[in-house]
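Coordinates as given in protein.txt (compact mmCIF, C-alpha atoms):
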```
# COMPACT_ATOMS: atom_id res chain seq x y z
CA GLN G 1 -5.71 -4.51 0.42
CA VAL G 2 -2.52 -6.22 -0.69
CA GLN G 3 0.42 -3.86 -1.02
CA LEU G 4 3.59 -4.36 -3.02
CA VAL G 5 6.49 -2.01 -2.41
CA GLU G 6 9.36 -2.08 -4.89
CA SER G 7 12.82 -0.62 -4.45
CA GLY G 8 16.29 -0.77 -5.94
CA GLY G 9 15.84 0.89 -9.30
CA GLY G 10 18.07 3.66 -10.57
CA LEU G 11 20.63 4.73 -13.13
CA VAL G 12 23.48 2.36 -13.93
CA GLN G 13 26.12 2.19 -16.63
CA PRO G 14 26.12 -0.61 -19.20
CA GLY G 15 27.67 -3.72 -17.71
CA GLY G 16 26.62 -2.72 -14.21
CA SER G 17 24.32 -4.41 -11.73
CA LEU G 18 21.20 -3.61 -9.78
CA ARG G 19 19.13 -5.54 -7.27
CA LEU G 20 15.41 -4.95 -7.16
CA SER G 21 13.32 -5.84 -4.14
CA CYS G 22 9.57 -6.24 -3.76
CA ALA G 23 7.95 -6.65 -0.37
CA ALA G 24 4.35 -7.78 -0.14
CA SER G 25 2.13 -7.03 2.83
CA ARG G 26 -1.47 -7.53 3.93
CA ILE G 27 -1.52 -11.01 2.38
CA SER G 28 -4.10 -13.46 3.64
CA PHE G 29 -3.03 -16.37 1.44
CA SER G 30 0.29 -17.80 0.38
CA ALA G 31 1.41 -16.59 -3.01
CA ILE G 32 1.24 -18.97 -5.94
CA ALA G 33 4.01 -17.06 -7.66
CA MET G 34 5.80 -13.72 -7.68
CA SER G 35 7.10 -12.16 -10.84
CA TRP G 36 8.96 -9.23 -12.30
CA TYR G 37 7.68 -7.58 -15.46
CA ARG G 38 9.02 -4.58 -17.31
CA GLN G 39 7.66 -2.02 -19.71
CA ALA G 40 9.82 0.15 -21.93
CA PRO G 41 8.47 3.32 -23.56
CA GLY G 42 6.22 2.47 -26.47
CA LYS G 43 6.32 -1.25 -25.74
CA GLU G 44 4.02 -3.73 -24.06
CA ARG G 45 4.65 -4.98 -20.56
CA GLU G 46 6.63 -8.21 -20.66
CA LEU G 47 7.52 -10.94 -18.19
CA VAL G 48 11.14 -10.86 -17.05
CA ALA G 49 11.20 -13.63 -14.44
CA ARG G 50 8.86 -15.61 -12.21
CA ILE G 51 9.35 -17.73 -9.13
CA HIS G 52 6.68 -20.20 -8.04
CA ASN G 53 6.01 -21.17 -4.46
CA SER G 54 7.68 -24.48 -5.30
CA GLY G 55 10.89 -22.60 -5.99
CA ALA G 56 10.71 -23.20 -9.72
CA THR G 57 11.76 -20.25 -11.84
CA ILE G 58 11.27 -19.11 -15.40
CA TYR G 59 13.05 -16.35 -17.30
CA ALA G 60 12.56 -14.40 -20.46
CA GLU G 61 15.18 -15.24 -23.06
CA SER G 62 16.61 -11.74 -22.68
CA ALA G 63 17.14 -12.31 -18.95
CA LYS G 64 18.64 -15.79 -18.99
CA GLY G 65 22.20 -15.89 -17.75
CA ARG G 66 22.13 -12.29 -16.52
CA PHE G 67 19.19 -12.00 -14.12
CA THR G 68 18.37 -14.10 -11.07
CA ILE G 69 15.04 -14.12 -9.27
CA SER G 70 14.85 -15.28 -5.67
CA GLY G 71 12.36 -15.15 -2.86
CA ASP G 72 12.11 -15.04 0.89
CA ASN G 73 8.82 -16.66 1.82
CA ALA G 74 9.11 -15.65 5.46
CA LYS G 75 9.32 -11.99 4.45
CA ASN G 76 6.97 -12.23 1.45
CA THR G 77 9.73 -10.60 -0.54
CA VAL G 78 11.05 -11.27 -4.02
CA TYR G 79 14.33 -10.06 -5.46
CA LEU G 80 15.69 -9.60 -8.95
CA GLN G 81 19.46 -9.51 -9.25
CA MET G 82 20.35 -7.96 -12.59
CA ASN G 83 23.91 -8.23 -13.89
CA SER G 84 25.58 -7.23 -17.14
CA LEU G 85 22.89 -4.66 -17.74
CA LYS G 86 22.36 -3.33 -21.24
CA PRO G 87 20.73 -0.14 -22.50
CA GLU G 88 17.84 -2.24 -23.81
CA ASP G 89 17.08 -3.26 -20.22
CA THR G 90 15.92 0.30 -19.59
CA ALA G 91 12.29 0.15 -18.48
CA VAL G 92 9.92 0.48 -15.57
CA TYR G 93 10.07 -2.77 -13.64
CA TYR G 94 6.89 -4.01 -11.96
CA CYS G 95 6.46 -6.61 -9.28
CA ASN G 96 3.44 -8.93 -9.47
CA ILE G 97 2.06 -11.35 -6.92
CA LEU G 98 -0.35 -14.11 -7.90
CA LEU G 99 -2.65 -15.21 -5.08
CA PRO G 100 -5.43 -17.81 -5.20
CA THR G 101 -7.94 -14.96 -5.25
CA ALA G 102 -6.36 -12.28 -7.42
CA SER G 103 -3.23 -10.79 -8.93
CA TYR G 104 -1.68 -7.55 -7.70
CA TRP G 105 0.87 -5.10 -9.08
CA GLY G 106 3.42 -2.80 -7.53
CA GLN G 107 3.79 0.82 -8.54
CA GLY G 108 6.92 0.18 -10.59
CA THR G 109 10.54 1.22 -10.27
CA GLN G 110 12.55 2.86 -13.03
CA VAL G 111 15.73 1.19 -14.27
CA THR G 112 17.86 3.23 -16.65
CA VAL G 113 20.99 1.78 -18.23
CA SER G 114 23.04 4.51 -19.83
CA SER G 115 26.56 5.83 -20.01
```

Can you give me the file's structure in the form of structure tokens?
Amino acid sequence: QVQLVESGGGLVQPGGSLRLSCAASRISFSAIAMSWYRQAPGKERELVARIHNSGATIYAESAKGRFTISGDNAKNTVYLQMNSLKPEDTAVYYCNILLPTASYWGQGTQVTVSS
């Protein structure tokens, strides 16, 4: 069973930075893409950023210019560098891996932006 382990969440003041990590294990196939989603209380889960195995990336409008997604294929790990954080970035952040056979989710890591 594929496992995704996220880390790096926490409490940060507005304008601060956090770096999220997601390590995938027990993978039999190369990932098509790895993504970060987030879900704030009372809202639907939304895509924040995605990186394809080609290296191509896409970002939500709210993340452009502030967040950077990167990956380490050798370690099956994806990162999300978040800068200039705002209170509206507060959410549970989920890692997702898309394989040829299925899609898997991490357990989520809480990010809280507050003074």

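Here CA of Gln13 in chain G and CA of Thr77 in chain G stand 26.3 Å from one another.
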
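Proximity to Ala23 in chain G was assessed for G:Asn96, G:Gln1, G:Thr90, G:Thr112 counting all atoms listed in the file; the smallest distance is recorded for G:Asn96.
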
Exercise for the section: Compile the contact shell of Leu47 in chain G as a list in words: residues with an atom at most 8 Å away, counting all atoms listed in the file, same-chain residues fewer than 6 positions apart removed. Expected result: Ser35, Trp36, Tyr37, Arg38, Tyr59 and Ala60 of chain G

Writer output for current selection, C-alpha atoms, as a PDB file, in the frame of the given file:
```
ATOM      1  CA  SER G  35       7.100 -12.160 -10.840  1.00  0.00           C
ATOM      2  CA  TRP G  36       8.960  -9.230 -12.300  1.00  0.00           C
ATOM      3  CA  TYR G  37       7.680  -7.580 -15.460  1.00  0.00           C
ATOM      4  CA  ARG G  38       9.020  -4.580 -17.310  1.00  0.00           C
ATOM      5  CA  TYR G  59      13.050 -16.350 -17.300  1.00  0.00           C
ATOM      6  CA  ALA G  60      12.560 -14.400 -20.460  1.00  0.00           C
TER       7      ALA G  60
END
```

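Residue nearest Leu85 in chain G within the list G:Gln107, G:Thr101, G:Ser7, G:Ser17: G:Ser17 [criterion: smallest interatomic distance, all atoms listed in the file].
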
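Taking all atoms listed in the file, the non-local environment of Ala91 in chain G within 12 Å (same-chain residues fewer than 5 positions away omitted) comprises G:Gly9, G:Gly10, G:Leu11, G:Trp36, G:Tyr37, G:Arg38, G:Gln39, G:Ala40, G:Pro41, G:Gly42, G:Lys43, G:Glu44, G:Arg45, G:Glu46, G:Val48, G:Leu85, G:Lys86, G:Gly108, G:Thr109, G:Gln110, G:Val111, G:Thr112, G:Val113, G:Ser114.
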
Exercise for the section: Provide the CA of Asn76 in chain G to CA of Lys64 in chain G distance in Å, to one decimal place. Expected result: 23.8 Å

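Among G:Trp105, G:Val2, G:Gly15, G:Cys95, the residue with the shortest atom-to-atom distance to Val78 in chain G, counting all atoms listed in the file, is G:Cys95.
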
Practice task
Between CA of Arg19 in chain G and CA of Ala74 in chain G, measure the distance and give it in Å to one decimal.
Solution key: 19.1 Å

Completion exercise
If you count all atoms listed in the file, the residue of G:Ser30, G:Ser84, G:Thr68, G:Thr57 closest to Leu98 in chain G turns out to be G:Ser30

Report, as JSON, the axis-aligned box around all atoms of range 35-39 of chain G present in the file, extended by 4 Å on each side; give centre and edge lengths in Å to one decimal place.
```
{"center_x": 8.1, "center_y": -7.1, "center_z": -15.3, "size_x": 9.9, "size_y": 18.1, "size_z": 16.9}
```

Could range 58-93 of chain G be written out with N, CA, C and O atoms, as a PDB file, in the first residue's frame, please?
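After the write, part_31.pdb holds the following:
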```pdb
ATOM      1  N   ILE G  58       2.071  23.622 -12.208  1.00  0.00           N
ATOM      2  CA  ILE G  58       0.918  24.503 -12.275  1.00  0.00           C
ATOM      3  C   ILE G  58       0.599  24.963 -10.857  1.00  0.00           C
ATOM      4  O   ILE G  58       0.862  24.247  -9.883  1.00  0.00           O
ATOM      5  N   TYR G  59       0.038  26.170 -10.769  1.00  0.00           N
ATOM      6  CA  TYR G  59      -0.287  26.766  -9.478  1.00  0.00           C
ATOM      7  C   TYR G  59      -1.682  27.354  -9.501  1.00  0.00           C
ATOM      8  O   TYR G  59      -2.147  27.874 -10.518  1.00  0.00           O
ATOM      9  N   ALA G  60      -2.315  27.323  -8.342  1.00  0.00           N
ATOM     10  CA  ALA G  60      -3.549  28.074  -8.179  1.00  0.00           C
ATOM     11  C   ALA G  60      -3.201  29.558  -8.229  1.00  0.00           C
ATOM     12  O   ALA G  60      -2.079  29.956  -7.886  1.00  0.00           O
ATOM     13  N   GLU G  61      -4.158  30.368  -8.658  1.00  0.00           N
ATOM     14  CA  GLU G  61      -3.903  31.803  -8.742  1.00  0.00           C
ATOM     15  C   GLU G  61      -3.460  32.363  -7.397  1.00  0.00           C
ATOM     16  O   GLU G  61      -2.588  33.233  -7.326  1.00  0.00           O
ATOM     17  N   SER G  62      -4.033  31.849  -6.328  1.00  0.00           N
ATOM     18  CA  SER G  62      -3.716  32.339  -4.988  1.00  0.00           C
ATOM     19  C   SER G  62      -2.284  32.002  -4.562  1.00  0.00           C
ATOM     20  O   SER G  62      -1.745  32.619  -3.640  1.00  0.00           O
ATOM     21  N   ALA G  63      -1.684  31.029  -5.240  1.00  0.00           N
ATOM     22  CA  ALA G  63      -0.338  30.576  -4.863  1.00  0.00           C
ATOM     23  C   ALA G  63       0.762  31.164  -5.749  1.00  0.00           C
ATOM     24  O   ALA G  63       1.938  31.160  -5.359  1.00  0.00           O
ATOM     25  N   LYS G  64       0.385  31.639  -6.891  1.00  0.00           N
ATOM     26  CA  LYS G  64       1.380  32.146  -7.844  1.00  0.00           C
ATOM     27  C   LYS G  64       2.187  33.298  -7.241  1.00  0.00           C
ATOM     28  O   LYS G  64       1.641  34.216  -6.650  1.00  0.00           O
ATOM     29  N   GLY G  65       3.498  33.195  -7.395  1.00  0.00           N
ATOM     30  CA  GLY G  65       4.379  34.234  -6.906  1.00  0.00           C
ATOM     31  C   GLY G  65       4.757  34.097  -5.447  1.00  0.00           C
ATOM     32  O   GLY G  65       5.669  34.785  -4.972  1.00  0.00           O
ATOM     33  N   ARG G  66       4.066  33.234  -4.729  1.00  0.00           N
ATOM     34  CA  ARG G  66       4.364  33.059  -3.293  1.00  0.00           C
ATOM     35  C   ARG G  66       4.806  31.636  -2.953  1.00  0.00           C
ATOM     36  O   ARG G  66       5.617  31.432  -2.052  1.00  0.00           O
ATOM     37  N   PHE G  67       4.233  30.661  -3.645  1.00  0.00           N
ATOM     38  CA  PHE G  67       4.528  29.258  -3.359  1.00  0.00           C
ATOM     39  C   PHE G  67       5.354  28.650  -4.490  1.00  0.00           C
ATOM     40  O   PHE G  67       5.190  29.024  -5.665  1.00  0.00           O
ATOM     41  N   THR G  68       6.214  27.707  -4.132  1.00  0.00           N
ATOM     42  CA  THR G  68       7.004  26.997  -5.123  1.00  0.00           C
ATOM     43  C   THR G  68       6.965  25.507  -4.818  1.00  0.00           C
ATOM     44  O   THR G  68       7.290  25.090  -3.706  1.00  0.00           O
ATOM     45  N   ILE G  69       6.561  24.729  -5.820  1.00  0.00           N
ATOM     46  CA  ILE G  69       6.554  23.277  -5.673  1.00  0.00           C
ATOM     47  C   ILE G  69       7.787  22.720  -6.361  1.00  0.00           C
ATOM     48  O   ILE G  69       8.185  23.191  -7.427  1.00  0.00           O
ATOM     49  N   SER G  70       8.401  21.725  -5.723  1.00  0.00           N
ATOM     50  CA  SER G  70       9.574  21.081  -6.305  1.00  0.00           C
ATOM     51  C   SER G  70       9.558  19.617  -5.906  1.00  0.00           C
ATOM     52  O   SER G  70       8.862  19.223  -4.973  1.00  0.00           O
ATOM     53  N   GLY G  71      10.345  18.829  -6.638  1.00  0.00           N
ATOM     54  CA  GLY G  71      10.349  17.407  -6.364  1.00  0.00           C
ATOM     55  C   GLY G  71      11.735  16.810  -6.429  1.00  0.00           C
ATOM     56  O   GLY G  71      12.615  17.353  -7.105  1.00  0.00           O
ATOM     57  N   ASP G  72      11.894  15.717  -5.725  1.00  0.00           N
ATOM     58  CA  ASP G  72      13.126  14.941  -5.764  1.00  0.00           C
ATOM     59  C   ASP G  72      12.721  13.531  -6.175  1.00  0.00           C
ATOM     60  O   ASP G  72      12.261  12.744  -5.354  1.00  0.00           O
ATOM     61  N   ASN G  73      12.882  13.233  -7.468  1.00  0.00           N
ATOM     62  CA  ASN G  73      12.428  11.944  -7.975  1.00  0.00           C
ATOM     63  C   ASN G  73      13.150  10.775  -7.307  1.00  0.00           C
ATOM     64  O   ASN G  73      12.554   9.725  -7.071  1.00  0.00           O
ATOM     65  N   ALA G  74      14.416  10.959  -7.012  1.00  0.00           N
ATOM     66  CA  ALA G  74      15.185   9.874  -6.405  1.00  0.00           C
ATOM     67  C   ALA G  74      14.650   9.504  -5.032  1.00  0.00           C
ATOM     68  O   ALA G  74      14.725   8.348  -4.613  1.00  0.00           O
ATOM     69  N   LYS G  75      14.088  10.492  -4.335  1.00  0.00           N
ATOM     70  CA  LYS G  75      13.558  10.266  -2.984  1.00  0.00           C
ATOM     71  C   LYS G  75      12.044  10.157  -2.974  1.00  0.00           C
ATOM     72  O   LYS G  75      11.446   9.996  -1.909  1.00  0.00           O
ATOM     73  N   ASN G  76      11.421  10.262  -4.153  1.00  0.00           N
ATOM     74  CA  ASN G  76       9.945  10.241  -4.223  1.00  0.00           C
ATOM     75  C   ASN G  76       9.357  11.239  -3.232  1.00  0.00           C
ATOM     76  O   ASN G  76       8.428  10.929  -2.482  1.00  0.00           O
ATOM     77  N   THR G  77       9.915  12.415  -3.231  1.00  0.00           N
ATOM     78  CA  THR G  77       9.510  13.451  -2.290  1.00  0.00           C
ATOM     79  C   THR G  77       9.141  14.713  -3.044  1.00  0.00           C
ATOM     80  O   THR G  77       9.783  15.059  -4.039  1.00  0.00           O
ATOM     81  N   VAL G  78       8.104  15.377  -2.552  1.00  0.00           N
ATOM     82  CA  VAL G  78       7.691  16.656  -3.121  1.00  0.00           C
ATOM     83  C   VAL G  78       7.664  17.681  -2.006  1.00  0.00           C
ATOM     84  O   VAL G  78       7.345  17.358  -0.854  1.00  0.00           O
ATOM     85  N   TYR G  79       8.028  18.906  -2.351  1.00  0.00           N
ATOM     86  CA  TYR G  79       8.084  19.991  -1.387  1.00  0.00           C
ATOM     87  C   TYR G  79       7.178  21.140  -1.820  1.00  0.00           C
ATOM     88  O   TYR G  79       6.918  21.325  -3.011  1.00  0.00           O
ATOM     89  N   LEU G  80       6.731  21.892  -0.836  1.00  0.00           N
ATOM     90  CA  LEU G  80       5.996  23.124  -1.133  1.00  0.00           C
ATOM     91  C   LEU G  80       6.581  24.225  -0.257  1.00  0.00           C
ATOM     92  O   LEU G  80       6.388  24.224   0.961  1.00  0.00           O
ATOM     93  N   GLN G  81       7.312  25.117  -0.890  1.00  0.00           N
ATOM     94  CA  GLN G  81       7.851  26.275  -0.189  1.00  0.00           C
ATOM     95  C   GLN G  81       6.805  27.375  -0.229  1.00  0.00           C
ATOM     96  O   GLN G  81       6.385  27.793  -1.320  1.00  0.00           O
ATOM     97  N   MET G  82       6.376  27.819   0.936  1.00  0.00           N
ATOM     98  CA  MET G  82       5.331  28.828   1.023  1.00  0.00           C
ATOM     99  C   MET G  82       5.905  30.085   1.672  1.00  0.00           C
ATOM    100  O   MET G  82       6.353  30.038   2.822  1.00  0.00           O
ATOM    101  N   ASN G  83       5.885  31.169   0.934  1.00  0.00           N
ATOM    102  CA  ASN G  83       6.379  32.454   1.423  1.00  0.00           C
ATOM    103  C   ASN G  83       5.252  33.468   1.473  1.00  0.00           C
ATOM    104  O   ASN G  83       4.193  33.274   0.867  1.00  0.00           O
ATOM    105  N   SER G  84       5.491  34.541   2.195  1.00  0.00           N
ATOM    106  CA  SER G  84       4.501  35.630   2.297  1.00  0.00           C
ATOM    107  C   SER G  84       3.129  35.086   2.665  1.00  0.00           C
ATOM    108  O   SER G  84       2.120  35.433   2.048  1.00  0.00           O
ATOM    109  N   LEU G  85       3.103  34.250   3.659  1.00  0.00           N
ATOM    110  CA  LEU G  85       1.854  33.595   4.037  1.00  0.00           C
ATOM    111  C   LEU G  85       0.837  34.592   4.575  1.00  0.00           C
ATOM    112  O   LEU G  85       1.186  35.579   5.237  1.00  0.00           O
ATOM    113  N   LYS G  86      -0.417  34.292   4.272  1.00  0.00           N
ATOM    114  CA  LYS G  86      -1.541  35.143   4.669  1.00  0.00           C
ATOM    115  C   LYS G  86      -2.504  34.339   5.544  1.00  0.00           C
ATOM    116  O   LYS G  86      -2.551  33.108   5.444  1.00  0.00           O
ATOM    117  N   PRO G  87      -3.299  35.002   6.345  1.00  0.00           N
ATOM    118  CA  PRO G  87      -4.277  34.265   7.159  1.00  0.00           C
ATOM    119  C   PRO G  87      -5.188  33.376   6.319  1.00  0.00           C
ATOM    120  O   PRO G  87      -5.579  32.287   6.779  1.00  0.00           O
ATOM    121  N   GLU G  88      -5.499  33.803   5.110  1.00  0.00           N
ATOM    122  CA  GLU G  88      -6.378  32.992   4.259  1.00  0.00           C
ATOM    123  C   GLU G  88      -5.700  31.733   3.723  1.00  0.00           C
ATOM    124  O   GLU G  88      -6.351  30.902   3.082  1.00  0.00           O
ATOM    125  N   ASP G  89      -4.403  31.576   3.977  1.00  0.00           N
ATOM    126  CA  ASP G  89      -3.721  30.335   3.628  1.00  0.00           C
ATOM    127  C   ASP G  89      -3.930  29.262   4.685  1.00  0.00           C
ATOM    128  O   ASP G  89      -3.517  28.116   4.498  1.00  0.00           O
ATOM    129  N   THR G  90      -4.546  29.622   5.790  1.00  0.00           N
ATOM    130  CA  THR G  90      -4.808  28.667   6.859  1.00  0.00           C
ATOM    131  C   THR G  90      -5.689  27.531   6.353  1.00  0.00           C
ATOM    132  O   THR G  90      -6.779  27.770   5.814  1.00  0.00           O
ATOM    133  N   ALA G  91      -5.216  26.303   6.520  1.00  0.00           N
ATOM    134  CA  ALA G  91      -5.938  25.130   6.011  1.00  0.00           C
ATOM    135  C   ALA G  91      -5.161  23.876   6.399  1.00  0.00           C
ATOM    136  O   ALA G  91      -4.018  23.959   6.858  1.00  0.00           O
ATOM    137  N   VAL G  92      -5.790  22.747   6.152  1.00  0.00           N
ATOM    138  CA  VAL G  92      -5.073  21.475   6.187  1.00  0.00           C
ATOM    139  C   VAL G  92      -4.554  21.231   4.772  1.00  0.00           C
ATOM    140  O   VAL G  92      -5.322  21.290   3.808  1.00  0.00           O
ATOM    141  N   TYR G  93      -3.275  20.991   4.673  1.00  0.00           N
ATOM    142  CA  TYR G  93      -2.631  20.775   3.384  1.00  0.00           C
ATOM    143  C   TYR G  93      -2.413  19.277   3.182  1.00  0.00           C
ATOM    144  O   TYR G  93      -1.859  18.589   4.057  1.00  0.00           O
TER     145      TYR G  93
END
```
